[in-house]
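Shown next: run11.txt, given as compact mmCIF, C-alpha atoms.
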# COMPACT_ATOMS: atom_id res chain seq x y z
CA MET A 278 -16.01 -38.41 -75.62
CA PRO A 279 -17.08 -41.90 -76.74
CA TYR A 280 -15.40 -43.42 -79.77
CA ASP A 281 -14.98 -46.75 -81.52
CA VAL A 282 -11.87 -47.12 -83.68
CA LYS A 283 -9.57 -49.99 -84.59
CA ASP A 284 -6.57 -48.96 -82.46
CA ILE A 285 -6.27 -45.73 -80.48
CA ASN A 286 -2.49 -46.28 -80.34
CA LEU A 287 -2.31 -45.30 -84.01
CA ALA A 288 -3.23 -41.72 -83.09
CA ASP A 289 0.29 -40.21 -83.29
CA LYS A 290 0.76 -41.59 -86.81
CA GLY A 291 -2.64 -40.23 -87.82
CA LYS A 292 -1.83 -36.81 -86.40
CA LEU A 293 1.25 -36.61 -88.62
CA LYS A 294 -0.88 -37.47 -91.64
CA ILE A 295 -3.32 -34.69 -90.80
CA GLU A 296 -0.44 -32.23 -90.37
CA TRP A 297 0.83 -33.21 -93.84
CA ALA A 298 -2.62 -32.57 -95.32
CA GLU A 299 -2.87 -29.18 -93.60
CA VAL A 300 0.29 -28.03 -95.39
CA HIS A 301 -1.33 -28.88 -98.73
CA MET A 302 -4.77 -27.40 -97.96
CA PRO A 303 -4.06 -23.67 -97.65
CA VAL A 304 -7.57 -22.52 -98.60
CA LEU A 305 -9.21 -24.56 -95.86
CA MET A 306 -6.57 -23.40 -93.39
CA GLU A 307 -7.36 -19.77 -94.26
CA ILE A 308 -11.04 -20.51 -93.58
CA ARG A 309 -10.01 -22.12 -90.28
CA ARG A 310 -8.21 -18.95 -89.22
CA GLU A 311 -11.35 -16.94 -90.00
CA PHE A 312 -13.53 -19.43 -88.12
CA GLU A 313 -11.24 -19.25 -85.09
CA ARG A 314 -11.73 -15.47 -85.01
CA THR A 315 -15.49 -15.34 -85.63
CA LYS A 316 -16.84 -18.66 -84.26
CA PRO A 317 -19.75 -18.83 -86.76
CA LEU A 318 -20.62 -22.42 -85.80
CA GLU A 319 -20.75 -21.98 -82.04
CA ASN A 320 -22.37 -25.01 -80.34
CA ILE A 321 -23.80 -26.40 -83.59
CA ARG A 322 -23.82 -30.21 -83.67
CA ILE A 323 -22.59 -31.58 -87.02
CA GLY A 324 -22.80 -35.23 -88.04
CA PHE A 325 -20.44 -36.59 -90.68
CA ALA A 326 -20.59 -39.64 -92.93
CA LEU A 327 -17.47 -39.08 -95.05
CA HIS A 328 -14.37 -41.06 -95.97
CA VAL A 329 -12.29 -40.82 -92.79
CA THR A 330 -9.05 -39.65 -94.39
CA LYS A 331 -6.39 -37.13 -93.47
CA GLU A 332 -8.18 -34.47 -95.55
CA THR A 333 -11.46 -35.11 -93.76
CA GLY A 334 -9.51 -34.70 -90.53
CA VAL A 335 -8.54 -31.19 -91.62
CA LEU A 336 -12.21 -30.36 -92.35
CA VAL A 337 -13.34 -31.72 -88.98
CA GLU A 338 -10.73 -29.66 -87.13
CA THR A 339 -11.73 -26.58 -89.14
CA LEU A 340 -15.39 -26.85 -88.18
CA ILE A 341 -14.44 -27.42 -84.54
CA ALA A 342 -12.27 -24.28 -84.72
CA GLY A 343 -15.47 -22.48 -85.73
CA GLY A 344 -17.21 -23.65 -82.57
CA ALA A 345 -18.94 -26.78 -83.85
CA GLN A 346 -19.37 -30.09 -82.03
CA VAL A 347 -18.73 -33.07 -84.32
CA ALA A 348 -19.47 -36.79 -84.56
CA ILE A 349 -18.14 -38.71 -87.55
CA THR A 350 -18.37 -42.10 -89.20
CA GLY A 351 -17.19 -43.40 -92.56
CA CYS A 352 -19.19 -43.59 -95.78
CA ASN A 353 -17.44 -46.68 -97.13
CA PRO A 354 -16.38 -49.80 -95.16
CA LEU A 355 -12.94 -49.89 -96.82
CA SER A 356 -11.95 -46.22 -97.00
CA THR A 357 -11.29 -45.37 -93.35
CA GLN A 358 -7.67 -44.61 -92.48
CA ASP A 359 -7.48 -46.16 -89.02
CA ASP A 360 -4.65 -43.92 -87.85
CA VAL A 361 -6.62 -40.78 -88.78
CA ALA A 362 -9.71 -42.10 -86.97
CA ALA A 363 -7.55 -42.72 -83.90
CA ALA A 364 -6.05 -39.22 -84.06
CA LEU A 365 -9.50 -37.61 -84.15
CA ALA A 366 -10.70 -39.79 -81.28
CA LYS A 367 -7.66 -38.85 -79.20
CA ASP A 368 -8.50 -35.19 -79.82
CA GLY A 369 -11.84 -35.77 -78.08
CA ILE A 370 -14.03 -36.14 -81.16
CA GLU A 371 -16.77 -38.77 -81.40
CA VAL A 372 -15.48 -41.16 -84.07
CA TYR A 373 -17.12 -44.44 -85.06
CA ALA A 374 -15.16 -45.87 -87.98
CA TRP A 375 -12.62 -48.51 -88.89
CA ARG A 376 -11.45 -50.14 -92.10
CA GLY A 377 -13.21 -53.42 -92.87
CA GLU A 378 -16.58 -52.78 -91.22
CA THR A 379 -19.31 -55.30 -91.92
CA ARG A 380 -22.57 -54.06 -93.40
CA ASP A 381 -24.23 -54.25 -89.97
CA GLU A 382 -21.35 -52.40 -88.30
CA TYR A 383 -21.47 -49.73 -90.99
CA TYR A 384 -25.15 -48.94 -90.38
CA LYS A 385 -24.72 -49.23 -86.63
CA ASN A 386 -22.10 -46.48 -86.86
CA ILE A 387 -24.40 -44.34 -89.01
CA ASN A 388 -26.97 -44.56 -86.23
CA ARG A 389 -24.37 -43.74 -83.57
CA VAL A 390 -23.74 -40.44 -85.35
CA LEU A 391 -27.48 -39.80 -85.49
CA ASP A 392 -27.73 -40.50 -81.75
CA PHE A 393 -25.49 -37.42 -81.42
CA LYS A 394 -28.58 -35.50 -82.68
CA PRO A 395 -26.81 -33.43 -85.33
CA ARG A 396 -28.47 -30.26 -86.59
CA ILE A 397 -26.36 -30.28 -89.76
CA THR A 398 -25.33 -33.36 -91.74
CA ILE A 399 -22.34 -33.73 -94.05
CA ASP A 400 -22.67 -36.71 -96.38
CA ASP A 401 -20.81 -38.55 -99.11
CA GLY A 402 -23.56 -40.62 -100.70
CA GLY A 403 -26.51 -39.43 -98.61
CA ASP A 404 -26.66 -42.20 -96.00
CA LEU A 405 -27.21 -39.83 -93.05
CA VAL A 406 -30.02 -38.02 -94.86
CA PHE A 407 -31.71 -41.26 -95.86
CA ALA A 408 -31.38 -42.78 -92.39
CA ILE A 409 -32.91 -39.67 -90.82
CA HIS A 410 -35.86 -39.72 -93.22
CA LYS A 411 -36.44 -43.47 -92.81
CA GLU A 412 -35.56 -44.20 -89.19
CA LYS A 413 -34.93 -41.00 -87.22
CA GLN A 414 -37.67 -38.64 -88.38
CA LYS A 415 -37.85 -36.97 -84.97
CA LEU A 416 -34.51 -35.33 -85.77
CA ILE A 417 -35.98 -33.46 -88.74
CA ARG A 418 -37.72 -30.91 -86.53
CA ASP A 419 -34.39 -29.48 -85.31
CA MET A 420 -32.41 -29.91 -88.55
CA ILE A 421 -30.85 -26.78 -90.02
CA GLY A 422 -29.67 -28.51 -93.19
CA GLY A 423 -27.15 -30.78 -94.82
CA CYS A 424 -24.29 -30.87 -97.32
CA GLU A 425 -23.73 -33.56 -99.97
CA GLU A 426 -20.35 -34.28 -101.53
CA THR A 427 -20.98 -36.65 -104.43
CA THR A 428 -22.72 -36.98 -107.79
CA THR A 429 -24.47 -40.17 -106.66
CA GLY A 430 -25.73 -38.56 -103.48
CA ILE A 431 -27.07 -35.51 -105.30
CA ILE A 432 -28.91 -37.69 -107.84
CA ARG A 433 -30.63 -39.51 -105.00
CA LEU A 434 -31.42 -36.31 -103.08
CA ARG A 435 -32.88 -34.63 -106.16
CA ALA A 436 -35.09 -37.69 -106.65
CA MET A 437 -36.28 -37.27 -103.05
CA ASP A 438 -36.88 -33.56 -103.62
CA ASN A 439 -38.85 -34.24 -106.81
CA ASP A 440 -41.07 -36.62 -104.83
CA ASN A 441 -41.51 -34.00 -102.06
CA ALA A 442 -39.86 -36.48 -99.69
CA LEU A 443 -36.88 -34.31 -98.68
CA LYS A 444 -37.75 -32.60 -95.41
CA TYR A 445 -34.78 -30.32 -94.88
CA PRO A 446 -32.46 -28.24 -97.11
CA VAL A 447 -29.26 -29.76 -98.50
CA MET A 448 -26.40 -27.87 -100.14
CA ASP A 449 -25.18 -29.39 -103.42
CA VAL A 450 -21.44 -29.23 -102.79
CA ASN A 451 -20.72 -31.68 -105.62
CA ASN A 452 -21.75 -29.32 -108.40
CA ALA A 453 -19.77 -26.32 -107.22
CA LYS A 454 -17.30 -25.55 -110.01
CA THR A 455 -14.39 -25.58 -107.56
CA LYS A 456 -15.46 -29.08 -106.57
CA HIS A 457 -16.39 -31.17 -109.60
CA PHE A 458 -14.08 -29.53 -112.15
CA PHE A 459 -11.11 -30.42 -109.92
CA ASP A 460 -12.05 -33.08 -107.36
CA ASN A 461 -14.06 -35.26 -109.75
CA ARG A 462 -11.76 -34.81 -112.73
CA TYR A 463 -8.18 -34.40 -111.47
CA GLY A 464 -8.68 -36.01 -108.07
CA THR A 465 -10.56 -39.10 -109.25
CA GLY A 466 -8.35 -39.42 -112.30
CA GLN A 467 -5.08 -39.48 -110.38
CA SER A 468 -6.28 -41.43 -107.35
CA THR A 469 -7.97 -44.14 -109.44
CA ILE A 470 -4.75 -44.83 -111.34
CA ASP A 471 -2.93 -44.75 -107.98
CA GLY A 472 -5.32 -47.34 -106.53
CA ILE A 473 -5.00 -49.68 -109.52
CA LEU A 474 -1.21 -49.46 -109.43
CA ARG A 475 -0.95 -49.99 -105.67
CA ALA A 476 -3.23 -53.02 -105.89
CA THR A 477 -1.70 -54.65 -108.96
CA ASN A 478 1.53 -52.94 -110.06
CA VAL A 479 0.54 -53.73 -113.66
CA LEU A 480 1.89 -51.79 -116.60
CA ILE A 481 -0.74 -49.32 -117.84
CA ALA A 482 1.03 -48.50 -121.12
CA GLY A 483 -0.23 -50.53 -124.05
CA LYS A 484 -3.29 -51.88 -122.24
CA ASN A 485 -6.86 -51.54 -123.56
CA PHE A 486 -8.29 -49.44 -120.72
CA VAL A 487 -12.10 -49.30 -120.66
CA VAL A 488 -13.82 -46.45 -118.81
CA SER A 489 -17.58 -46.80 -118.32
CA GLY A 490 -19.13 -43.37 -117.84
CA TYR A 491 -17.75 -40.12 -119.25
CA GLY A 492 -18.85 -37.64 -116.63
CA TRP A 493 -16.22 -35.56 -114.86
CA CYS A 494 -14.87 -38.60 -113.00
CA GLY A 495 -14.76 -40.77 -116.10
CA ARG A 496 -13.03 -38.18 -118.24
CA GLY A 497 -10.46 -37.64 -115.49
CA ILE A 498 -9.71 -41.36 -115.35
CA ALA A 499 -9.52 -41.62 -119.13
CA THR A 500 -7.20 -38.63 -119.41
CA ARG A 501 -4.79 -39.92 -116.76
CA ALA A 502 -4.72 -43.45 -118.20
CA ASP A 503 -4.17 -41.97 -121.66
CA GLY A 504 -1.22 -40.02 -120.29
CA MET A 505 0.31 -43.30 -119.10
CA GLY A 506 0.12 -44.81 -122.56
CA ALA A 507 -3.10 -46.81 -122.37
CA ASN A 508 -5.44 -47.31 -125.31
CA ILE A 509 -8.65 -45.70 -124.05
CA ILE A 510 -12.10 -47.09 -124.78
CA VAL A 511 -15.15 -45.26 -123.42
CA THR A 512 -18.62 -46.75 -122.98
CA GLU A 513 -21.60 -44.44 -122.48
CA THR A 514 -25.39 -44.27 -122.61
CA ASP A 515 -25.52 -40.46 -122.94
CA PRO A 516 -25.08 -39.41 -126.60
CA THR A 517 -23.58 -36.02 -125.78
CA LYS A 518 -20.99 -37.45 -123.40
CA ALA A 519 -20.18 -40.15 -125.91
CA LEU A 520 -19.64 -37.47 -128.55
CA GLU A 521 -17.34 -35.58 -126.17
CA ALA A 522 -15.26 -38.72 -125.69
CA VAL A 523 -14.96 -39.14 -129.46
CA MET A 524 -13.91 -35.50 -129.85
CA ASP A 525 -11.36 -36.00 -127.06
CA GLY A 526 -9.74 -38.66 -129.22
CA PHE A 527 -10.99 -41.82 -127.52
CA ARG A 528 -12.69 -44.87 -129.01
CA VAL A 529 -16.37 -45.21 -128.06
CA MET A 530 -18.26 -48.48 -128.37
CA PRO A 531 -20.92 -50.57 -126.61
CA LEU A 532 -19.80 -52.61 -123.63
CA LYS A 533 -20.61 -55.84 -125.46
CA ASP A 534 -17.78 -54.99 -127.86
CA ALA A 535 -15.42 -53.48 -125.27
CA ALA A 536 -15.81 -56.54 -123.05
CA LYS A 537 -14.08 -58.71 -125.67
CA ILE A 538 -10.94 -56.58 -125.95
CA GLY A 539 -10.50 -54.71 -122.64
CA ASP A 540 -7.59 -55.45 -120.30
CA ILE A 541 -8.60 -53.11 -117.47
CA PHE A 542 -12.16 -51.94 -116.78
CA VAL A 543 -13.11 -49.02 -114.53
CA THR A 544 -16.72 -48.08 -113.83
CA ALA A 545 -17.59 -44.47 -113.00
CA THR A 546 -21.33 -44.10 -113.63
CA GLY A 547 -23.07 -44.09 -110.23
CA ASP A 548 -25.49 -46.71 -111.57
CA VAL A 549 -25.97 -50.44 -110.96
CA ASP A 550 -25.00 -53.50 -113.04
CA VAL A 551 -22.64 -51.71 -115.40
CA LEU A 552 -20.40 -54.77 -115.62
CA ARG A 553 -22.52 -57.91 -115.43
CA LYS A 554 -22.82 -61.56 -116.44
CA GLU A 555 -23.17 -61.06 -120.21
CA TYR A 556 -19.91 -59.09 -120.23
CA PHE A 557 -17.97 -61.27 -117.78
CA GLU A 558 -18.58 -64.29 -120.02
CA THR A 559 -16.85 -62.69 -123.02
CA MET A 560 -13.93 -60.98 -121.25
CA LYS A 561 -10.35 -61.99 -121.88
CA ASP A 562 -8.38 -64.13 -119.46
CA ASN A 563 -6.76 -62.12 -116.62
CA THR A 564 -8.93 -59.04 -117.10
CA ILE A 565 -8.84 -56.52 -114.21
CA LEU A 566 -12.11 -55.02 -112.88
CA ALA A 567 -12.29 -51.86 -110.76
CA ASN A 568 -14.92 -49.36 -109.65
CA SER A 569 -14.46 -45.66 -109.06
CA GLY A 570 -18.12 -44.66 -109.03
CA HIS A 571 -19.60 -44.79 -105.56
CA PHE A 572 -21.26 -47.91 -104.15
CA ASN A 573 -20.13 -51.48 -104.85
CA VAL A 574 -23.04 -52.07 -107.19
CA GLU A 575 -21.56 -50.98 -110.52
CA ILE A 576 -19.85 -54.37 -110.89
CA ASN A 577 -22.45 -57.09 -110.34
CA ILE A 578 -20.52 -59.23 -107.87
CA PRO A 579 -23.28 -61.82 -107.24
CA GLU A 580 -23.34 -62.60 -110.97
CA LEU A 581 -19.54 -62.77 -111.03
CA GLU A 582 -19.64 -65.28 -108.16
CA GLU A 583 -22.38 -67.26 -109.89
CA LEU A 584 -20.13 -67.69 -112.94
CA SER A 585 -17.13 -68.71 -110.85
CA VAL A 586 -15.85 -72.07 -109.67
CA GLU A 587 -13.18 -70.57 -107.43
CA LYS A 588 -12.55 -67.31 -105.59
CA LYS A 589 -9.14 -66.59 -104.11
CA LYS A 590 -7.43 -63.56 -102.57
CA ILE A 591 -4.21 -63.06 -104.52
CA ARG A 592 -2.87 -60.01 -102.68
CA GLU A 593 -4.21 -57.06 -100.72
CA ASN A 594 -7.23 -55.65 -102.59
CA VAL A 595 -7.06 -58.26 -105.38
CA GLU A 596 -9.44 -61.23 -105.63
CA LYS A 597 -9.18 -63.80 -108.39
CA TYR A 598 -12.40 -65.26 -109.80
CA LYS A 599 -11.86 -68.46 -111.81
CA LEU A 600 -14.80 -68.75 -114.21
CA LYS A 601 -16.47 -71.93 -115.40
CA ASN A 602 -15.12 -71.19 -118.89
CA GLY A 603 -11.58 -71.46 -117.56
CA LYS A 604 -10.75 -67.75 -117.68
CA SER A 605 -9.82 -65.65 -114.65
CA LEU A 606 -11.05 -62.16 -113.77
CA TYR A 607 -9.43 -60.03 -111.05
CA LEU A 608 -11.68 -57.82 -108.91
CA LEU A 609 -10.04 -54.91 -107.08
CA ALA A 610 -11.08 -53.66 -103.63
CA GLU A 611 -14.19 -55.86 -103.47
CA GLY A 612 -15.78 -53.67 -106.13
CA ARG A 613 -15.71 -50.63 -103.82
CA LEU A 614 -13.97 -47.34 -104.58
CA VAL A 615 -10.55 -48.45 -105.75
CA ASN A 616 -9.03 -45.01 -105.24
CA LEU A 617 -9.89 -45.04 -101.52
CA ALA A 618 -9.84 -48.73 -100.68
CA ALA A 619 -6.53 -49.46 -102.43
CA ALA A 620 -4.96 -46.00 -102.17
CA GLU A 621 -5.45 -42.81 -100.12
CA GLY A 622 -8.13 -41.06 -102.13
CA HIS A 623 -7.75 -37.69 -103.78
CA PRO A 624 -4.66 -35.56 -103.27
CA SER A 625 -4.98 -32.97 -100.52
CA GLU A 626 -4.61 -30.11 -103.01
CA VAL A 627 -7.96 -30.84 -104.71
CA MET A 628 -9.75 -31.77 -101.49
CA ASP A 629 -8.70 -28.32 -100.28
CA MET A 630 -11.30 -26.78 -102.57
CA SER A 631 -13.95 -29.47 -102.03
CA PHE A 632 -13.79 -29.14 -98.27
CA ALA A 633 -13.59 -25.35 -98.44
CA ASN A 634 -17.01 -25.62 -100.10
CA GLN A 635 -18.21 -27.90 -97.30
CA ALA A 636 -17.07 -25.51 -94.58
CA LEU A 637 -18.60 -22.45 -96.24
CA ALA A 638 -21.79 -24.37 -97.08
CA VAL A 639 -22.26 -25.09 -93.37
CA LYS A 640 -21.80 -21.39 -92.62
CA TYR A 641 -24.27 -20.50 -95.39
CA LEU A 642 -26.91 -22.83 -93.94
CA LEU A 643 -26.62 -21.09 -90.59
CA GLU A 644 -26.84 -17.62 -92.10
CA ASN A 645 -29.74 -18.41 -94.47
CA ARG A 646 -32.59 -20.47 -93.06
CA LEU A 647 -33.73 -22.36 -96.15
CA LYS A 648 -36.82 -24.37 -96.99
CA PRO A 649 -36.47 -28.09 -97.81
CA GLY A 650 -34.79 -28.69 -101.16
CA VAL A 651 -31.42 -29.06 -102.88
CA TYR A 652 -29.48 -25.80 -103.22
CA LYS A 653 -26.48 -24.82 -105.33
CA ILE A 654 -23.39 -23.32 -103.75
CA PRO A 655 -23.72 -19.55 -104.37
CA LYS A 656 -21.54 -18.23 -107.21
CA GLU A 657 -19.84 -15.71 -104.94
CA VAL A 658 -18.74 -18.54 -102.61
CA ASP A 659 -17.52 -20.67 -105.52
CA ASP A 660 -15.62 -17.79 -107.13
CA GLY A 661 -14.18 -16.75 -103.78
CA ILE A 662 -12.71 -20.22 -103.25
CA ALA A 663 -11.18 -20.16 -106.74
CA ARG A 664 -9.62 -16.75 -106.12
CA LEU A 665 -8.24 -17.84 -102.76
CA LYS A 666 -6.81 -21.01 -104.32
CA LEU A 667 -5.08 -18.95 -107.01
CA LYS A 668 -3.69 -16.64 -104.34
CA THR A 669 -2.19 -19.59 -102.44
CA MET A 670 -0.57 -20.73 -105.71
CA ASN A 671 0.89 -17.24 -106.32
CA VAL A 672 -1.15 -16.89 -109.52
CA GLU A 673 -2.58 -13.50 -110.50
CA ILE A 674 -5.35 -12.86 -113.05
CA ASP A 675 -6.76 -9.81 -114.79
CA GLN A 676 -9.75 -7.77 -113.65
CA LEU A 677 -12.48 -6.35 -115.88
CA THR A 678 -12.47 -2.60 -116.31
CA GLY A 679 -15.62 -0.65 -115.58
CA ARG A 680 -16.28 -0.27 -119.30
CA GLN A 681 -15.82 -4.01 -119.88
CA LYS A 682 -18.30 -4.86 -117.13
CA LYS A 683 -20.83 -2.41 -118.53
CA TYR A 684 -20.41 -3.84 -122.03
CA LEU A 685 -21.02 -7.41 -120.86
CA GLU A 686 -24.13 -6.35 -118.93
CA SER A 687 -25.67 -4.35 -121.77
CA TRP A 688 -28.03 -5.74 -124.41
CA GLU A 689 -27.53 -2.85 -126.78
CA GLU A 690 -25.12 -3.68 -129.59
CA GLY A 691 -21.92 -1.66 -129.58
CA THR A 692 -22.53 0.22 -126.34

Written as structure tokens, how would this file's structure read?
Amino acid sequence: MPYDVKDINLADKGKLKIEWAEVHMPVLMEIRREFERTKPLENIRIGFALHVTKETGVLVETLIAGGAQVAITGCNPLSTQDDVAAALAKDGIEVYAWRGETRDEYYKNINRVLDFKPRITIDDGGDLVFAIHKEKQKLIRDMIGGCEETTTGIIRLRAMDNDNALKYPVMDVNNAKTKHFFDNRYGTGQSTIDGILRATNVLIAGKNFVVSGYGWCGRGIATRADGMGANIIVTETDPTKALEAVMDGFRVMPLKDAAKIGDIFVTATGDVDVLRKEYFETMKDNTILANSGHFNVEINIPELEELSVEKKKIRENVEKYKLKNGKSLYLLAEGRLVNLAAAEGHPSEVMDMSFANQALAVKYLLENRLKPGVYKIPKEVDDGIARLKLKTMNVEIDQLTGRQKKYLESWEEGT
């Protein structure tokens, strides 16, 4: 099989990483055993644009165990683990990904996956879906469907659907309870702190730690930083989320005020220009800037460069911007996902549930030919993953009695 990776000689190291992830992803491994028996994906071509990590490697191998043929590229130029990419390539899988891709290389690799003519797409951010609709419309005729992993991707796909521009069905993996309650909150929370620490080794305790966006990712980041002794400040545009942050015990204020007192800033909104010129100009000397949203647009880097007289790489994943006013700001991971670019992404234990949803969503698409649109993961699939996860953790829960079920389903008082 063709492939394009940084160094195929890294394959043995990558294989060990994937084996480590398999041990910590028991739900997905149980699904793999079922897929090996039943082969529900026989000869189905699946195209991936996901972070090429050890956990993604486990998902790829699971779908192949079910009979699928796979081609994969990354969804972020800095998140690919080169040893994992090499391991997948050595196993005979089409892989087009390496850490440090240029913008042109990134989109070239997206198109290489589309040249594989996938009938199902698996996305983190929607780039395969968008490329198909813009450049490869001939593929739509044979498409069965797609799966989307992230909040940002789902927002964009729903916008397409609302405009009647989405031409094939896509499963909303992001909003499955067993995904966003755990992956977005606990996974993003822990891995973002991990990325900041690996990049900087700064002390979190005592710092004014500003989190922009209080969705599931933002609240996970805030909670983890709070647990390390930081003083949490939340900025929001949604009044309900802002109220939640207040009730959770955090300070809430506009960014124009937070900019003057923050030591570390993390964006997690999925929107553009969250941190921009008007805020950079008032920030303290030696402020740290990081993004854990999706694309590298939440921190307006062109405006940061416009304000700067010097840009210097201080250490891996840390760039110093010396501003005209004499202050210095430190940008982590080029403004890309700090938890993947500067660390390893989410722990395998939470990706276990996220990728279990991906695997079962692919199976659902094959079993239920759907019209174009964005579809929720069925409740029975979501609940089944939660029950299986509890089982692997040796946790038991109660069951409703027949009378309790009847009571909850009845509208008559006291029956």

* Could you give me, as a PyMOL selection string, the residues within 6 Å of A:Glu587, counting all atoms listed in the file and dropping anything in the same chain fewer than 2 positions from it? => chain A and resi 585+598-599

Written file, previous selection with C-alpha atoms, as an mmCIF file, in the frame of the given file:
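Final output, saved to again-v9.cif:
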data_model
loop_
_atom_site.group_PDB
_atom_site.id
_atom_site.type_symbol
_atom_site.label_atom_id
_atom_site.label_comp_id
_atom_site.auth_asym_id
_atom_site.auth_seq_id
_atom_site.Cartn_x
_atom_site.Cartn_y
_atom_site.Cartn_z
ATOM 1 C CA SER A 585 -17.130 -68.710 -110.850
ATOM 2 C CA TYR A 598 -12.400 -65.260 -109.800
ATOM 3 C CA LYS A 599 -11.860 -68.460 -111.810
#

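Computed from the coordinates, the atom CA of A:Lys666 to atom CA of A:Val335 distance equals 16.4 Å.
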
* Asked: What is the atom CA of A:Arg680 to atom CA of A:Ala453 distance in Å?
  ->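 Separation of atom CA of A:Arg680 and atom CA of A:Ala453: 28.9 Å.
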
* To do: Neighbourhood query: residues within 12 Å of (-17.2, -43.3, -93.4), file coordinates, counting all atoms listed in the file; return as a PyMOL selection string.
  => chain A and resi 282+324-330+333-334+348-359+361-362+372-378+382-387+390+399-405+617-618

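Within the 7 Å cut-off around A:Val488, using all atoms listed in the file and omitting residues fewer than 6 positions from it on the same chain, the listed residues are Gly495, Ala499, Ile510, Val511, Thr512, Phe542, Val543 and Thr544 of chain A.
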
* To do: Name the residues in contact with A:Ala636 at a cut-off of 8 Å, using only C-alpha atoms, excluding same-chain residues fewer than 2 positions from it; report them as a list of chain:residue names.
  =>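 In the requested format, the answer is A:Ile308, A:Leu336, A:Thr339, A:Leu340, A:Phe632, A:Ala633, A:Asn634, A:Ala638, A:Val639, A:Lys640.
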
* **Residues near A:Ala536, cut-off 7 Å, all atoms listed in the file, skip fewer than 6 positions along chain, as an NGL selection string** => :A and (556 or 559-560)

* To do: Could you tell me how far atom CA of A:Asp550 lies from atom CA of A:Cys494, in Å and to one decimal?
  =>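 Between atom CA of A:Asp550 and atom CA of A:Cys494 the gap is 18.0 Å.
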
* Do you know which residues are at most 12 Å from A:Ser489 counting only C-alpha atoms, after dropping those on the same chain fewer than 2 positions away, and could you put them as a VMD selection string? -> chain A and resid 486 to 487 491 to 499 509 to 515 518 to 519 522 528 to 533 535 to 536 539 541 to 552 566 to 570 575 to 576

* Residue among A:Thr455, A:Leu581, A:Asp281, A:Pro303 lying closest to A:Arg389, counting all atoms listed in the file ->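 Counting all atoms listed in the file, the residue closest to A:Arg389 is A:Asp281.
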
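Comparing A:Asp419, A:Glu580, A:Glu593, A:Glu311 by their smallest distance to A:Arg475, the closest is A:Glu593 (using all atoms listed in the file).
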
* Asked: Of the candidates A:Lys653, A:Lys415, A:Lys597, A:Lys456, which shows the shortest atom-to-atom distance to A:Asp629, using only C-alpha atoms?
  ->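 So, comparing all the options, the nearest one is A:Lys456.
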
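All polymer residues at most 12 Å from (-26.1, -20.8, -92.1), using all atoms listed in the file, appear as A:Pro317, A:Leu318, A:Glu319, A:Ile321, A:Arg396, A:Ile397, A:Met420, A:Ile421, A:Gly422, A:Gly423, A:Cys424, A:Pro446, A:Val447, A:Met448, A:Gln635, A:Ala636, A:Leu637, A:Ala638, A:Val639, A:Lys640, A:Tyr641, A:Leu642, A:Leu643, A:Glu644, A:Asn645, A:Arg646, A:Leu647.
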
Can those selected residues be exported to a file as a PDB file, keeping the file's coordinate frame so that it contains C-alpha atoms?
ATOM      1  CA  PRO A 317     -19.750 -18.830 -86.760  1.00  0.00           C
ATOM      2  CA  LEU A 318     -20.620 -22.420 -85.800  1.00  0.00           C
ATOM      3  CA  GLU A 319     -20.750 -21.980 -82.040  1.00  0.00           C
ATOM      4  CA  ILE A 321     -23.800 -26.400 -83.590  1.00  0.00           C
ATOM      5  CA  ARG A 396     -28.470 -30.260 -86.590  1.00  0.00           C
ATOM      6  CA  ILE A 397     -26.360 -30.280 -89.760  1.00  0.00           C
ATOM      7  CA  MET A 420     -32.410 -29.910 -88.550  1.00  0.00           C
ATOM      8  CA  ILE A 421     -30.850 -26.780 -90.020  1.00  0.00           C
ATOM      9  CA  GLY A 422     -29.670 -28.510 -93.190  1.00  0.00           C
ATOM     10  CA  GLY A 423     -27.150 -30.780 -94.820  1.00  0.00           C
ATOM     11  CA  CYS A 424     -24.290 -30.870 -97.320  1.00  0.00           C
ATOM     12  CA  PRO A 446     -32.460 -28.240 -97.110  1.00  0.00           C
ATOM     13  CA  VAL A 447     -29.260 -29.760 -98.500  1.00  0.00           C
ATOM     14  CA  MET A 448     -26.400 -27.870-100.140  1.00  0.00           C
ATOM     15  CA  GLN A 635     -18.210 -27.900 -97.300  1.00  0.00           C
ATOM     16  CA  ALA A 636     -17.070 -25.510 -94.580  1.00  0.00           C
ATOM     17  CA  LEU A 637     -18.600 -22.450 -96.240  1.00  0.00           C
ATOM     18  CA  ALA A 638     -21.790 -24.370 -97.080  1.00  0.00           C
ATOM     19  CA  VAL A 639     -22.260 -25.090 -93.370  1.00  0.00           C
ATOM     20  CA  LYS A 640     -21.800 -21.390 -92.620  1.00  0.00           C
ATOM     21  CA  TYR A 641     -24.270 -20.500 -95.390  1.00  0.00           C
ATOM     22  CA  LEU A 642     -26.910 -22.830 -93.940  1.00  0.00           C
ATOM     23  CA  LEU A 643     -26.620 -21.090 -90.590  1.00  0.00           C
ATOM     24  CA  GLU A 644     -26.840 -17.620 -92.100  1.00  0.00           C
ATOM     25  CA  ASN A 645     -29.740 -18.410 -94.470  1.00  0.00           C
ATOM     26  CA  ARG A 646     -32.590 -20.470 -93.060  1.00  0.00           C
ATOM     27  CA  LEU A 647     -33.730 -22.360 -96.150  1.00  0.00           C
TER      28      LEU A 647
END
